[in-house]
file start.tsv (TSV, C-alpha atoms and all ligand atoms)
chain	number	residue	atom	x	y	z
A	1	MET	CA	-8.88	26.01	-9.04
A	2	THR	CA	-8.31	27.17	-5.44
A	3	ASP	CA	-10.36	24.23	-4.17
A	4	ILE	CA	-8.43	21.79	-6.31
A	5	LYS	CA	-5.12	23.16	-5.10
A	6	ALA	CA	-6.24	23.01	-1.47
A	7	ALA	CA	-7.25	19.37	-1.91
A	8	LEU	CA	-3.93	18.52	-3.54
A	9	ARG	CA	-2.01	20.28	-0.81
A	10	ALA	CA	-3.81	18.19	1.81
A	11	GLN	CA	-3.20	14.88	0.03
A	12	ARG	CA	-1.11	12.30	1.93
A	13	ILE	CA	0.62	9.33	0.33
A	14	GLU	CA	2.46	6.79	2.47
A	15	THR	CA	5.63	5.14	1.25
A	16	PRO	CA	6.66	1.59	2.28
A	17	SER	CA	9.94	0.96	4.10
A	18	TRP	CA	10.52	-2.11	1.91
A	19	ALA	CA	10.67	-0.01	-1.25
A	20	TYR	CA	14.02	1.40	-0.07
A	21	GLY	CA	15.64	-1.99	0.50
A	22	ASN	CA	16.79	-4.50	-2.08
A	23	SER	CA	14.14	-6.65	-3.69
A	24	GLY	CA	13.85	-8.86	-6.71
A	25	THR	CA	12.20	-11.84	-8.27
A	26	ARG	CA	12.67	-15.48	-7.36
A	27	PHE	CA	15.43	-15.50	-9.99
A	28	LYS	CA	17.67	-12.71	-8.73
A	29	VAL	CA	17.89	-9.79	-6.35
A	30	PHE	CA	20.12	-7.11	-7.88
A	31	ALA	CA	21.87	-5.12	-5.16
A	32	GLN	CA	22.07	-1.35	-5.56
A	33	GLN	CA	24.52	1.19	-4.20
A	34	GLY	CA	23.59	3.18	-1.12
A	35	VAL	CA	20.78	0.85	-0.04
A	36	PRO	CA	19.81	1.26	3.65
A	37	ARG	CA	21.24	-1.21	6.13
A	38	ASP	CA	18.61	-0.80	8.80
A	39	PRO	CA	15.17	0.74	9.42
A	40	TYR	CA	16.75	4.02	10.52
A	41	GLU	CA	18.38	4.48	7.12
A	42	LYS	CA	15.16	3.48	5.37
A	43	LEU	CA	13.37	6.29	7.19
A	44	ALA	CA	16.08	8.73	6.13
A	45	ASP	CA	15.43	7.79	2.48
A	46	ALA	CA	11.68	8.08	2.92
A	47	ALA	CA	12.21	11.56	4.36
A	48	GLN	CA	13.84	12.52	1.05
A	49	VAL	CA	10.71	11.51	-0.84
A	50	HIS	CA	8.67	13.71	1.46
A	51	ALA	CA	11.16	16.57	1.20
A	52	TYR	CA	10.78	16.75	-2.60
A	53	THR	CA	7.08	15.92	-2.97
A	54	GLY	CA	5.71	17.54	0.20
A	55	ILE	CA	2.92	14.96	0.40
A	56	ALA	CA	4.57	11.76	1.67
A	57	PRO	CA	4.95	12.35	5.43
A	58	THR	CA	4.43	8.77	6.66
A	59	VAL	CA	6.28	5.50	6.20
A	60	ALA	CA	4.83	2.00	6.56
A	61	LEU	CA	6.87	-0.59	8.47
A	62	HIS	CA	7.00	-4.32	7.82
A	63	ILE	CA	7.65	-6.59	10.80
A	64	PRO	CA	10.05	-8.39	11.19
A	65	TRP	CA	11.94	-6.70	8.31
A	66	ASP	CA	11.94	-3.49	10.38
A	67	LYS	CA	12.45	-5.07	13.77
A	68	VAL	CA	14.33	-2.81	16.21
A	69	ASP	CA	14.96	-2.95	19.95
A	70	ASP	CA	13.22	0.30	20.70
A	71	TYR	CA	10.24	1.28	18.56
A	72	ALA	CA	9.62	4.51	20.44
A	73	ASP	CA	13.17	5.51	19.53
A	74	LEU	CA	12.53	4.66	15.86
A	75	ALA	CA	9.39	6.81	15.94
A	76	ARG	CA	11.44	9.66	17.45
A	77	HIS	CA	14.05	9.27	14.73
A	78	ALA	CA	11.26	9.52	12.13
A	79	ARG	CA	9.92	12.69	13.71
A	80	ASP	CA	13.43	14.22	13.74
A	81	LEU	CA	13.55	13.58	10.00
A	82	GLY	CA	10.17	15.24	9.47
A	83	VAL	CA	8.19	12.04	8.89
A	84	ALA	CA	6.12	9.64	11.01
A	85	ILE	CA	5.48	5.91	11.21
A	86	GLY	CA	2.40	4.86	9.26
A	87	ALA	CA	0.81	1.43	8.93
A	88	ILE	CA	2.39	-1.61	10.56
A	89	ASN	CA	2.47	-4.55	8.14
A	90	SER	CA	2.49	-8.02	9.61
A	91	ASN	CA	4.46	-10.87	8.11
A	92	VAL	CA	3.28	-14.42	8.64
A	93	PHE	CA	4.66	-15.80	5.41
A	94	GLN	CA	8.43	-16.16	5.84
A	95	ASP	CA	8.87	-18.77	8.51
A	96	ASP	CA	9.24	-22.51	7.94
A	97	ASP	CA	6.28	-23.07	10.24
A	98	TYR	CA	4.01	-21.36	7.70
A	99	LYS	CA	4.48	-23.86	4.90
A	100	LEU	CA	0.83	-24.95	5.15
A	101	GLY	CA	-0.52	-21.59	6.25
A	102	SER	CA	-0.41	-19.22	9.21
A	103	VAL	CA	-3.72	-18.31	10.86
A	104	THR	CA	-5.48	-20.99	8.79
A	105	HIS	CA	-2.87	-23.71	9.39
A	106	PRO	CA	-4.31	-27.09	10.42
A	107	ASP	CA	-2.03	-27.17	13.50
A	108	ALA	CA	-3.22	-25.04	16.43
A	109	ARG	CA	0.37	-24.42	17.53
A	110	VAL	CA	1.21	-22.65	14.26
A	111	ARG	CA	-2.03	-20.68	14.37
A	112	ARG	CA	-1.16	-19.52	17.90
A	113	LYS	CA	2.30	-18.43	16.76
A	114	ALA	CA	0.86	-16.48	13.82
A	115	THR	CA	-1.81	-14.76	15.90
A	116	ASP	CA	0.79	-13.88	18.53
A	117	HIS	CA	2.79	-12.15	15.81
A	118	LEU	CA	-0.26	-10.11	14.81
A	119	LEU	CA	-0.79	-9.14	18.46
A	120	GLU	CA	2.88	-8.14	18.67
A	121	CYS	CA	2.25	-5.83	15.71
A	122	VAL	CA	-0.47	-4.10	17.72
A	123	ASP	CA	2.08	-3.62	20.53
A	124	ILE	CA	4.34	-1.97	17.95
A	125	MET	CA	1.46	0.29	16.93
A	126	ASP	CA	1.15	1.34	20.57
A	127	ALA	CA	4.88	2.09	20.78
A	128	THR	CA	5.12	3.99	17.49
A	129	GLY	CA	1.76	5.77	17.59
A	130	SER	CA	0.61	4.01	14.41
A	131	ASP	CA	-3.15	3.67	14.05
A	132	THR	CA	-3.26	1.08	11.27
A	133	LEU	CA	-2.39	-2.61	11.10
A	134	LYS	CA	-2.27	-4.13	7.63
A	135	LEU	CA	-2.92	-7.84	7.38
A	136	TRP	CA	-2.01	-9.85	4.35
A	137	PHE	CA	-2.07	-13.63	4.48
A	138	SER	CA	-0.26	-15.83	2.01
A	139	ASP	CA	-2.44	-18.68	3.29
A	140	GLY	CA	-3.90	-21.08	0.82
A	141	ILE	CA	-3.50	-24.55	-0.63
A	142	ASN	CA	-1.92	-25.90	-3.79
A	143	TYR	CA	-3.97	-29.02	-4.41
A	144	PRO	CA	-7.67	-29.85	-4.28
A	145	GLY	CA	-8.35	-31.78	-1.10
A	146	GLN	CA	-5.13	-30.63	0.58
A	147	ASP	CA	-7.11	-29.03	3.41
A	148	ASP	CA	-10.70	-28.17	4.24
A	149	LEU	CA	-11.61	-24.87	2.57
A	150	ARG	CA	-14.40	-24.15	5.01
A	151	ALA	CA	-12.47	-25.01	8.19
A	152	ARG	CA	-9.75	-22.62	7.04
A	153	GLN	CA	-12.30	-19.80	6.97
A	154	ASP	CA	-13.33	-20.67	10.54
A	155	ARG	CA	-9.70	-20.56	11.68
A	156	LEU	CA	-9.15	-17.24	9.92
A	157	ALA	CA	-12.25	-15.75	11.56
A	158	GLU	CA	-11.10	-16.90	14.98
A	159	SER	CA	-7.68	-15.29	14.66
A	160	LEU	CA	-9.06	-12.06	13.20
A	161	ALA	CA	-11.52	-11.77	16.09
A	162	GLU	CA	-8.71	-12.08	18.62
A	163	VAL	CA	-6.68	-9.35	16.92
A	164	TYR	CA	-9.75	-7.17	16.54
A	165	ASP	CA	-10.45	-7.36	20.27
A	166	ARG	CA	-6.88	-6.31	21.04
A	167	LEU	CA	-7.15	-3.06	19.00
A	168	GLY	CA	-7.12	0.06	21.13
A	169	GLU	CA	-8.98	3.32	20.84
A	170	GLY	CA	-8.39	4.92	17.44
A	171	GLN	CA	-6.71	1.79	16.03
A	172	ARG	CA	-7.96	-0.32	13.13
A	173	PHE	CA	-6.88	-3.13	10.91
A	174	LEU	CA	-7.04	-3.39	7.16
A	175	LEU	CA	-7.55	-6.82	5.65
A	176	GLU	CA	-5.89	-7.32	2.29
A	177	TYR	CA	-6.93	-9.80	-0.38
A	178	LYS	CA	-4.99	-11.30	-3.25
A	179	LEU	CA	-6.20	-13.46	-6.11
A	180	PHE	CA	-3.44	-16.07	-5.97
A	181	GLU	CA	0.22	-16.58	-5.14
A	182	PRO	CA	2.03	-18.06	-3.36
A	183	ALA	CA	-0.83	-20.57	-3.17
A	184	PHE	CA	-1.92	-21.76	-6.58
A	185	TYR	CA	-5.16	-23.67	-6.15
A	186	ALA	CA	-7.10	-21.81	-3.42
A	187	THR	CA	-6.24	-18.70	-1.45
A	188	ASP	CA	-7.95	-18.08	1.88
A	189	VAL	CA	-8.53	-14.35	1.30
A	190	PRO	CA	-8.63	-14.23	-2.51
A	191	ASP	CA	-10.99	-11.34	-3.18
A	192	TRP	CA	-12.67	-8.24	-1.79
A	193	GLY	CA	-15.89	-10.12	-1.06
A	194	THR	CA	-14.15	-12.50	1.34
A	195	ALA	CA	-12.27	-9.65	3.03
A	196	TYR	CA	-15.45	-7.59	3.21
A	197	ALA	CA	-17.53	-10.37	4.77
A	198	HIS	CA	-14.96	-10.93	7.52
A	199	CYS	CA	-14.71	-7.19	8.17
A	200	VAL	CA	-18.47	-6.66	8.32
A	201	LYS	CA	-18.80	-9.39	10.90
A	202	LEU	CA	-16.02	-7.90	13.05
A	203	GLY	CA	-17.15	-4.28	13.15
A	204	PRO	CA	-16.05	-0.74	12.32
A	205	LYS	CA	-12.37	-1.16	13.19
A	206	ALA	CA	-11.96	-3.73	10.39
A	207	GLN	CA	-11.79	-2.47	6.84
A	208	VAL	CA	-10.66	-3.72	3.46
A	209	VAL	CA	-7.47	-2.59	1.74
A	210	VAL	CA	-7.34	-2.67	-2.04
A	211	ASP	CA	-3.93	-3.60	-3.43
A	212	THR	CA	-4.23	-2.56	-7.07
A	213	GLY	CA	-1.95	-5.42	-8.17
A	214	HIS	CA	-4.04	-8.18	-6.61
A	215	HIS	CA	-6.77	-8.68	-9.21
A	216	ALA	CA	-7.35	-10.73	-12.32
A	217	PRO	CA	-6.65	-8.92	-15.59
A	218	GLY	CA	-9.58	-6.77	-16.65
A	219	THR	CA	-11.07	-6.44	-13.15
A	220	ASN	CA	-12.96	-3.18	-12.72
A	221	ILE	CA	-11.13	-1.97	-9.61
A	222	GLU	CA	-12.96	1.36	-9.47
A	223	PHE	CA	-16.23	-0.52	-9.07
A	224	ILE	CA	-14.81	-2.30	-6.01
A	225	VAL	CA	-13.65	1.06	-4.67
A	226	ALA	CA	-17.07	2.65	-5.20
A	227	PHE	CA	-18.82	-0.27	-3.54
A	228	LEU	CA	-16.55	-0.45	-0.50
A	229	LEU	CA	-16.68	3.31	0.03
A	230	ARG	CA	-20.47	3.24	-0.13
A	231	GLU	CA	-20.43	0.65	2.65
A	232	GLY	CA	-17.87	2.54	4.76
A	233	LYS	CA	-15.45	-0.38	4.39
A	234	LEU	CA	-12.66	1.03	2.25
A	235	GLY	CA	-9.70	1.41	4.60
A	236	GLY	CA	-7.01	2.21	2.09
A	237	PHE	CA	-4.94	1.32	-0.93
A	238	ASP	CA	-1.74	-0.49	-1.62
A	239	PHE	CA	-0.85	1.20	-4.88
A	240	ASN	CA	1.32	-0.42	-7.53
A	241	SER	CA	1.01	-1.54	-11.16
A	242	ARG	CA	0.65	-4.94	-12.72
A	243	PHE	CA	1.01	-6.22	-16.25
A	244	TYR	CA	0.80	-9.94	-15.46
A	245	ALA	CA	0.46	-10.93	-11.80
A	246	ASP	CA	1.55	-9.18	-8.60
A	247	ASP	CA	4.27	-7.25	-10.44
A	248	ASP	CA	4.67	-4.46	-7.83
A	249	LEU	CA	5.75	-1.96	-10.49
A	250	MET	CA	5.37	1.78	-10.03
A	251	VAL	CA	1.76	2.89	-9.61
A	252	GLY	CA	0.39	4.53	-12.74
A	253	ALA	CA	3.11	3.01	-14.91
A	254	ALA	CA	1.02	0.22	-16.44
A	255	ASP	CA	-2.33	1.98	-16.62
A	256	PRO	CA	-2.56	5.67	-15.67
A	257	PHE	CA	-6.15	5.76	-16.94
A	258	GLN	CA	-7.16	3.09	-14.44
A	259	LEU	CA	-5.52	5.07	-11.66
A	260	PHE	CA	-7.50	8.14	-12.72
A	261	ARG	CA	-10.75	6.15	-12.71
A	262	ILE	CA	-9.97	4.85	-9.22
A	263	MET	CA	-9.18	8.33	-7.91
A	264	TYR	CA	-12.36	9.67	-9.46
A	265	GLU	CA	-14.44	7.11	-7.54
A	266	VAL	CA	-12.55	7.94	-4.36
A	267	ILE	CA	-13.38	11.62	-4.75
A	268	ARG	CA	-16.94	10.92	-5.91
A	269	GLY	CA	-17.50	8.68	-2.88
A	270	GLY	CA	-16.12	11.13	-0.32
A	271	GLY	CA	-13.07	8.99	0.36
A	272	PHE	CA	-10.52	11.70	-0.14
A	273	THR	CA	-10.01	12.09	3.60
A	274	ASP	CA	-7.81	10.71	6.37
A	275	GLU	CA	-10.19	7.75	6.60
A	276	VAL	CA	-8.72	6.17	3.49
A	277	ALA	CA	-4.97	5.50	3.59
A	278	PHE	CA	-3.19	6.03	0.28
A	279	MET	CA	-0.19	3.75	0.56
A	280	LEU	CA	2.34	2.54	-1.96
A	281	ASP	CA	3.25	-1.15	-1.92
A	282	GLN	CA	6.02	-1.45	-4.44
A	283	CYS	CA	9.54	-2.66	-4.96
A	284	HIS	CA	12.09	-1.21	-7.29
A	285	ASN	CA	14.04	-4.16	-8.62
A	286	ILE	CA	15.98	-2.51	-11.45
A	287	GLU	CA	15.32	1.22	-11.11
A	288	PRO	CA	16.79	3.45	-8.37
A	289	LYS	CA	14.60	3.34	-5.32
A	290	ILE	CA	14.22	6.90	-4.01
A	291	PRO	CA	13.47	8.37	-7.47
A	292	GLY	CA	11.17	5.39	-8.07
A	293	GLN	CA	9.17	6.42	-5.00
A	294	ILE	CA	9.19	10.11	-5.97
A	295	ARG	CA	7.87	9.22	-9.44
A	296	SER	CA	5.18	7.00	-7.89
A	297	VAL	CA	3.98	9.72	-5.51
A	298	MET	CA	3.84	12.11	-8.48
A	299	ASN	CA	1.85	9.58	-10.53
A	300	VAL	CA	-0.79	9.35	-7.80
A	301	GLN	CA	-0.81	13.12	-7.47
A	302	GLU	CA	-1.31	13.59	-11.22
A	303	ALA	CA	-4.17	11.10	-11.32
A	304	THR	CA	-5.74	12.85	-8.33
A	305	ALA	CA	-5.44	16.28	-9.94
A	306	LYS	CA	-7.14	14.99	-13.10
A	307	ALA	CA	-9.89	13.34	-11.06
A	308	LEU	CA	-10.44	16.61	-9.16
A	309	LEU	CA	-10.78	18.41	-12.49
A	310	VAL	CA	-13.83	16.39	-13.54
A	311	ASP	CA	-16.73	18.81	-13.94
A	312	ARG	CA	-19.16	16.91	-11.74
A	313	ASP	CA	-22.13	19.18	-12.46
A	314	ALA	CA	-21.70	18.75	-16.19
A	315	LEU	CA	-21.20	15.03	-15.69
A	316	SER	CA	-24.37	14.51	-13.69
A	317	ALA	CA	-26.35	16.70	-16.12
A	318	ALA	CA	-25.17	14.55	-19.03
A	319	GLN	CA	-25.84	11.37	-17.05
A	320	SER	CA	-29.40	12.36	-16.15
A	321	ALA	CA	-30.08	13.39	-19.73
A	322	GLY	CA	-28.91	9.97	-20.87
A	323	ASP	CA	-26.22	11.67	-22.94
A	324	VAL	CA	-23.81	8.77	-23.24
A	325	LEU	CA	-21.20	10.49	-25.36
A	326	GLY	CA	-21.47	13.77	-23.48
A	327	ALA	CA	-20.95	12.11	-20.11
A	328	ASN	CA	-17.98	10.15	-21.36
A	329	ALA	CA	-16.52	13.34	-22.87
A	330	VAL	CA	-16.67	15.15	-19.50
A	331	LEU	CA	-14.61	12.40	-17.90
A	332	MET	CA	-12.15	12.20	-20.81
A	333	ASP	CA	-11.67	15.98	-20.89
A	334	ALA	CA	-10.41	15.87	-17.33
A	335	TYR	CA	-8.22	12.85	-18.00
A	336	ASN	CA	-6.70	14.44	-21.08
A	337	THR	CA	-5.76	17.65	-19.29
A	338	ASP	CA	-2.04	18.14	-18.76
A	339	VAL	CA	-1.90	18.82	-15.01
A	340	ARG	CA	1.88	19.09	-14.80
A	341	PRO	CA	1.93	22.92	-14.97
A	342	LEU	CA	-0.70	23.09	-12.21
A	343	LEU	CA	1.33	20.77	-9.99
A	344	ALA	CA	4.56	22.65	-10.65
A	345	GLU	CA	2.80	25.86	-9.59
A	346	LEU	CA	1.39	24.19	-6.49
A	347	ARG	CA	4.83	22.95	-5.46
A	348	GLU	CA	6.28	26.41	-5.80
A	349	GLU	CA	3.49	27.75	-3.61
A	350	MET	CA	4.42	25.06	-1.07
A	351	GLY	CA	8.05	26.20	-1.14
A	352	LEU	CA	9.19	23.15	-3.12
A	353	ALA	CA	11.07	22.77	-6.37
A	354	PRO	CA	8.65	22.51	-9.32
A	355	ASP	CA	10.29	19.31	-10.60
A	356	PRO	CA	10.91	16.87	-7.72
A	357	MET	CA	12.78	14.33	-9.87
A	358	ALA	CA	15.28	16.91	-11.10
A	359	ALA	CA	15.65	18.51	-7.67
A	360	TYR	CA	16.41	15.17	-6.03
A	361	ALA	CA	18.90	14.24	-8.76
A	362	LYS	CA	20.71	17.55	-8.24
A	363	SER	CA	20.73	17.31	-4.45
A	364	GLY	CA	23.72	14.97	-4.19
A	365	TYR	CA	21.87	12.70	-1.73
A	366	PHE	CA	22.45	9.60	-3.85
A	367	GLU	CA	26.19	10.27	-4.11
A	368	LYS	CA	26.29	10.80	-0.35
A	369	ILE	CA	24.57	7.52	0.59
A	370	ALA	CA	26.52	5.58	-2.04
A	371	ALA	CA	29.75	6.78	-0.40
A	372	GLU	CA	28.60	6.46	3.21
A	373	ARG	CA	26.68	3.19	3.19
A	374	VAL	CA	29.44	0.75	2.54
A	375	GLY	CA	29.89	-2.37	4.61
A	376	GLY	CA	27.19	-4.00	6.66
A	377	ASN	CA	24.25	-5.90	5.27
A	378	GLN	CA	21.94	-4.13	2.89
A	379	ALA	CA	18.30	-4.35	3.90
A	380	GLY	CA	16.08	-6.56	1.80
A	381	TRP	CA	12.72	-8.22	1.89
A	382	GLY	CA	14.06	-11.28	3.64
A	383	ALA	CA	13.26	-13.70	0.80
B	1	LIG	C1	2.06	-8.96	-0.40
B	1	LIG	C2	1.05	-7.90	-0.03
B	1	LIG	C3	1.44	-7.10	1.18
B	1	LIG	C4	2.88	-6.75	1.18
B	1	LIG	C5	3.75	-7.96	0.87
B	1	LIG	C6	5.20	-7.57	0.79
B	1	LIG	O1	1.83	-9.43	-1.70
B	1	LIG	O2	0.85	-7.04	-1.12
B	1	LIG	O3	0.70	-5.92	1.25
B	1	LIG	O4	3.18	-6.30	2.46
B	1	LIG	O5	3.37	-8.52	-0.35
B	2	MN	MN	-0.04	-5.10	-0.69

call {"tool": "encode", "arguments": {"input": "start.tsv", "output": "structure tokens"}}
result
Amino acid sequence: MTDIKAALRAQRIETPSWAYGNSGTRFKVFAQQGVPRDPYEKLADAAQVHAYTGIAPTVALHIPWDKVDDYADLARHARDLGVAIGAINSNVFQDDDYKLGSVTHPDARVRRKATDHLLECVDIMDATGSDTLKLWFSDGINYPGQDDLRARQDRLAESLAEVYDRLGEGQRFLLEYKLFEPAFYATDVPDWGTAYAHCVKLGPKAQVVVDTGHHAPGTNIEFIVAFLLREGKLGGFDFNSRFYADDDLMVGAADPFQLFRIMYEVIRGGGFTDEVAFMLDQCHNIEPKIPGQIRSVMNVQEATAKALLVDRDALSAAQSAGDVLGANAVLMDAYNTDVRPLLAELREEMGLAPDPMAAYAKSGYFEKIAAERVGGNQAGWGA
């Protein structure tokens, strides 16, 4: 139990700046009270999530949503609040120029503009001390024949190589894949195999990021995790839940058992280290945002605790004996354990309140920001 607690104490989960701003569907963005009006206020909210969970000390930025004049100053502000800047997320999907793609666009001028944005993100990493660039491309085509599938891969490879060469010591990029959307017929980085192949060609500073919402229904995500870890190519996670497509709901809400199976493979494969970034990529469209993030961090923590509880000796004994039911029972025993008392105890040992949701609700922070943050433009995802 001491080992399990030590591992849980060392766990780090990164929250995304965009989770604190307004977001919605293509039908409606519902504004909420107290929503941050700039990146500084987003960091203040993220610091609350860390204050109550004790395991969320970094915040991912999204550029240009979090554009500021002085990134070193923003990083200082984060440190003053007890958090730090995490991954820098690029955005080459919200400009009119990108209608037909960004780094895979048929026009070299647009490709140049997109790659320059990615290079600018590396400059922001330098200024903020971030070591991770996260690349997601909305690039793809809607109709067969619209563009040359193969040429688009060449253009993608060319841009990635340029960004790769710009990375400094200790910096890396994570290439994200997504099955479909916004492109409907063919996506340029649709799956882990495509992301993996590009990363292998580039070298050790390029790794794959698994966004749990970016797969077809029924995909065995833990298999992908096990495979990528075995190859040293799992760079991190964008955690969220999906019922239908890229729903971006709270991680562990749709399928806590899947989250447990993923965390088990992470632990089994030695990925429970700083090497693998555990990030949330979510939006809270109808629920309050800070508690939504606290709940999400707790969901990952609970799945991790259950995965750490798996009796690995008993499991491998049952596996080598060909004991199908016995092996399955070992895994299910861990999953069916109520870890909430263990986590409450751990939090108390860390000097935190045992129930982060209740402690935040009682703190008065929401009432304070709802009263203070009036006027100005609420931050959103720029859609
Ligand atoms: C994409 C992808 C990226 C995220 C954007 C907002 O679908 O998941 O990781 O930054 O959405
Ligand atoms: Mn993502």

call {"tool": "closest_atom_pairs", "arguments": {"input": "start.tsv", "of": "chain A", "to": "ligand LIG 1 (chain B)", "cutoff": "7 Å", "atoms": "all atoms listed in the file", "output": "CSV"}}
result
residue,atom,partner,partner_atom,distance
A:His62,CA,B:LIG1,O4,6.9
A:Asn89,CA,B:LIG1,O4,6.0
A:Trp136,CA,B:LIG1,C3,5.4
A:Glu176,CA,B:LIG1,O3,6.8
A:Asp211,CA,B:LIG1,O2,6.3
A:Asp238,CA,B:LIG1,O3,6.6
A:Asp246,CA,B:LIG1,O1,6.9
A:Asp281,CA,B:LIG1,O3,6.3

call {"tool": "closest_atom_pairs", "arguments": {"input": "start.tsv", "of": "chain A", "to": "ligand MN 2 (chain B)", "cutoff": "12 Å", "atoms": "only C-alpha atoms and all ligand atoms", "output": "tab-separated table"}}
result
residue	atom	partner	partner_atom	distance
A:Thr15	CA	B:MN2	MN	11.9
A:Pro16	CA	B:MN2	MN	9.9
A:Trp18	CA	B:MN2	MN	11.3
A:Ala19	CA	B:MN2	MN	11.9
A:Ala60	CA	B:MN2	MN	11.3
A:His62	CA	B:MN2	MN	11.1
A:Ala87	CA	B:MN2	MN	11.7
A:Asn89	CA	B:MN2	MN	9.2
A:Ser90	CA	B:MN2	MN	11.0
A:Asn91	CA	B:MN2	MN	11.4
A:Lys134	CA	B:MN2	MN	8.7
A:Leu135	CA	B:MN2	MN	9.0
A:Trp136	CA	B:MN2	MN	7.2
A:Phe137	CA	B:MN2	MN	10.2
A:Ser138	CA	B:MN2	MN	11.1
A:Leu174	CA	B:MN2	MN	10.7
A:Leu175	CA	B:MN2	MN	10.0
A:Glu176	CA	B:MN2	MN	6.9
A:Tyr177	CA	B:MN2	MN	8.3
A:Lys178	CA	B:MN2	MN	8.3
A:Leu179	CA	B:MN2	MN	11.7
A:Val208	CA	B:MN2	MN	11.5
A:Val209	CA	B:MN2	MN	8.2
A:Val210	CA	B:MN2	MN	7.8
A:Asp211	CA	B:MN2	MN	5.0
A:Thr212	CA	B:MN2	MN	8.0
A:Gly213	CA	B:MN2	MN	7.7
A:His214	CA	B:MN2	MN	7.8
A:His215	CA	B:MN2	MN	11.4
A:Gly236	CA	B:MN2	MN	10.5
A:Phe237	CA	B:MN2	MN	8.1
A:Asp238	CA	B:MN2	MN	5.0
A:Phe239	CA	B:MN2	MN	7.6
A:Asn240	CA	B:MN2	MN	8.4
A:Ser241	CA	B:MN2	MN	11.1
A:Asp246	CA	B:MN2	MN	9.0
A:Asp247	CA	B:MN2	MN	10.9
A:Asp248	CA	B:MN2	MN	8.6
A:Leu249	CA	B:MN2	MN	11.8
A:Phe278	CA	B:MN2	MN	11.6
A:Met279	CA	B:MN2	MN	8.9
A:Leu280	CA	B:MN2	MN	8.1
A:Asp281	CA	B:MN2	MN	5.3
A:Gln282	CA	B:MN2	MN	8.0
A:Cys283	CA	B:MN2	MN	10.8

call {"tool": "closest_residue", "arguments": {"input": "start.tsv", "among": "A:Lys233, A:Tyr264, A:Ala359, A:Ile290", "to": "A:Ser17", "atoms": "only C-alpha atoms"}}
result
A:Ile290

call {"tool": "closest_residue", "arguments": {"input": "start.tsv", "among": "A:Thr128, A:Pro106, A:Ala277, A:Ile221", "to": "A:Asp255", "atoms": "all atoms listed in the file"}}
result
A:Ile221

call {"tool": "residues_around", "arguments": {"input": "start.tsv", "residues": "A:Asp66", "least_positions_apart": "6", "cutoff": "12 Å", "atoms": "all atoms listed in the file", "output": "PDB file with C-alpha atoms, keeping the file's coordinate frame"}}
result
ATOM      1  CA  PRO A  16       6.660   1.590   2.280  1.00  0.00           C
ATOM      2  CA  SER A  17       9.940   0.960   4.100  1.00  0.00           C
ATOM      3  CA  TRP A  18      10.520  -2.110   1.910  1.00  0.00           C
ATOM      4  CA  TYR A  20      14.020   1.400  -0.070  1.00  0.00           C
ATOM      5  CA  GLY A  21      15.640  -1.990   0.500  1.00  0.00           C
ATOM      6  CA  PRO A  36      19.810   1.260   3.650  1.00  0.00           C
ATOM      7  CA  ARG A  37      21.240  -1.210   6.130  1.00  0.00           C
ATOM      8  CA  ASP A  38      18.610  -0.800   8.800  1.00  0.00           C
ATOM      9  CA  PRO A  39      15.170   0.740   9.420  1.00  0.00           C
ATOM     10  CA  TYR A  40      16.750   4.020  10.520  1.00  0.00           C
ATOM     11  CA  GLU A  41      18.380   4.480   7.120  1.00  0.00           C
ATOM     12  CA  LYS A  42      15.160   3.480   5.370  1.00  0.00           C
ATOM     13  CA  LEU A  43      13.370   6.290   7.190  1.00  0.00           C
ATOM     14  CA  VAL A  59       6.280   5.500   6.200  1.00  0.00           C
ATOM     15  CA  ALA A  60       4.830   2.000   6.560  1.00  0.00           C
ATOM     16  CA  LEU A  74      12.530   4.660  15.860  1.00  0.00           C
ATOM     17  CA  ALA A  75       9.390   6.810  15.940  1.00  0.00           C
ATOM     18  CA  ILE A  85       5.480   5.910  11.210  1.00  0.00           C
ATOM     19  CA  ILE A  88       2.390  -1.610  10.560  1.00  0.00           C
ATOM     20  CA  ASN A  89       2.470  -4.550   8.140  1.00  0.00           C
ATOM     21  CA  SER A  90       2.490  -8.020   9.610  1.00  0.00           C
ATOM     22  CA  ASN A  91       4.460 -10.870   8.110  1.00  0.00           C
ATOM     23  CA  CYS A 121       2.250  -5.830  15.710  1.00  0.00           C
ATOM     24  CA  ILE A 124       4.340  -1.970  17.950  1.00  0.00           C
ATOM     25  CA  ALA A 379      18.300  -4.350   3.900  1.00  0.00           C
ATOM     26  CA  GLY A 380      16.080  -6.560   1.800  1.00  0.00           C
ATOM     27  CA  TRP A 381      12.720  -8.220   1.890  1.00  0.00           C
ATOM     28  CA  GLY A 382      14.060 -11.280   3.640  1.00  0.00           C
TER      29      GLY A 382
END

call {"tool": "residues_near_point", "arguments": {"input": "start.tsv", "point": "(1.3, -25.8, 10.4)", "cutoff": "9 Å", "atoms": "only C-alpha atoms", "output": "CSV table (one decimal) with C-alpha atoms, in the frame of the given file"}}
result
chain,number,residue,atom,x,y,z
A,96,ASP,CA,9.2,-22.5,7.9
A,97,ASP,CA,6.3,-23.1,10.2
A,98,TYR,CA,4.0,-21.4,7.7
A,99,LYS,CA,4.5,-23.9,4.9
A,100,LEU,CA,0.8,-25.0,5.2
A,101,GLY,CA,-0.5,-21.6,6.2
A,102,SER,CA,-0.4,-19.2,9.2
A,104,THR,CA,-5.5,-21.0,8.8
A,105,HIS,CA,-2.9,-23.7,9.4
A,106,PRO,CA,-4.3,-27.1,10.4
A,107,ASP,CA,-2.0,-27.2,13.5
A,108,ALA,CA,-3.2,-25.0,16.4
A,109,ARG,CA,0.4,-24.4,17.5
A,110,VAL,CA,1.2,-22.6,14.3
A,111,ARG,CA,-2.0,-20.7,14.4
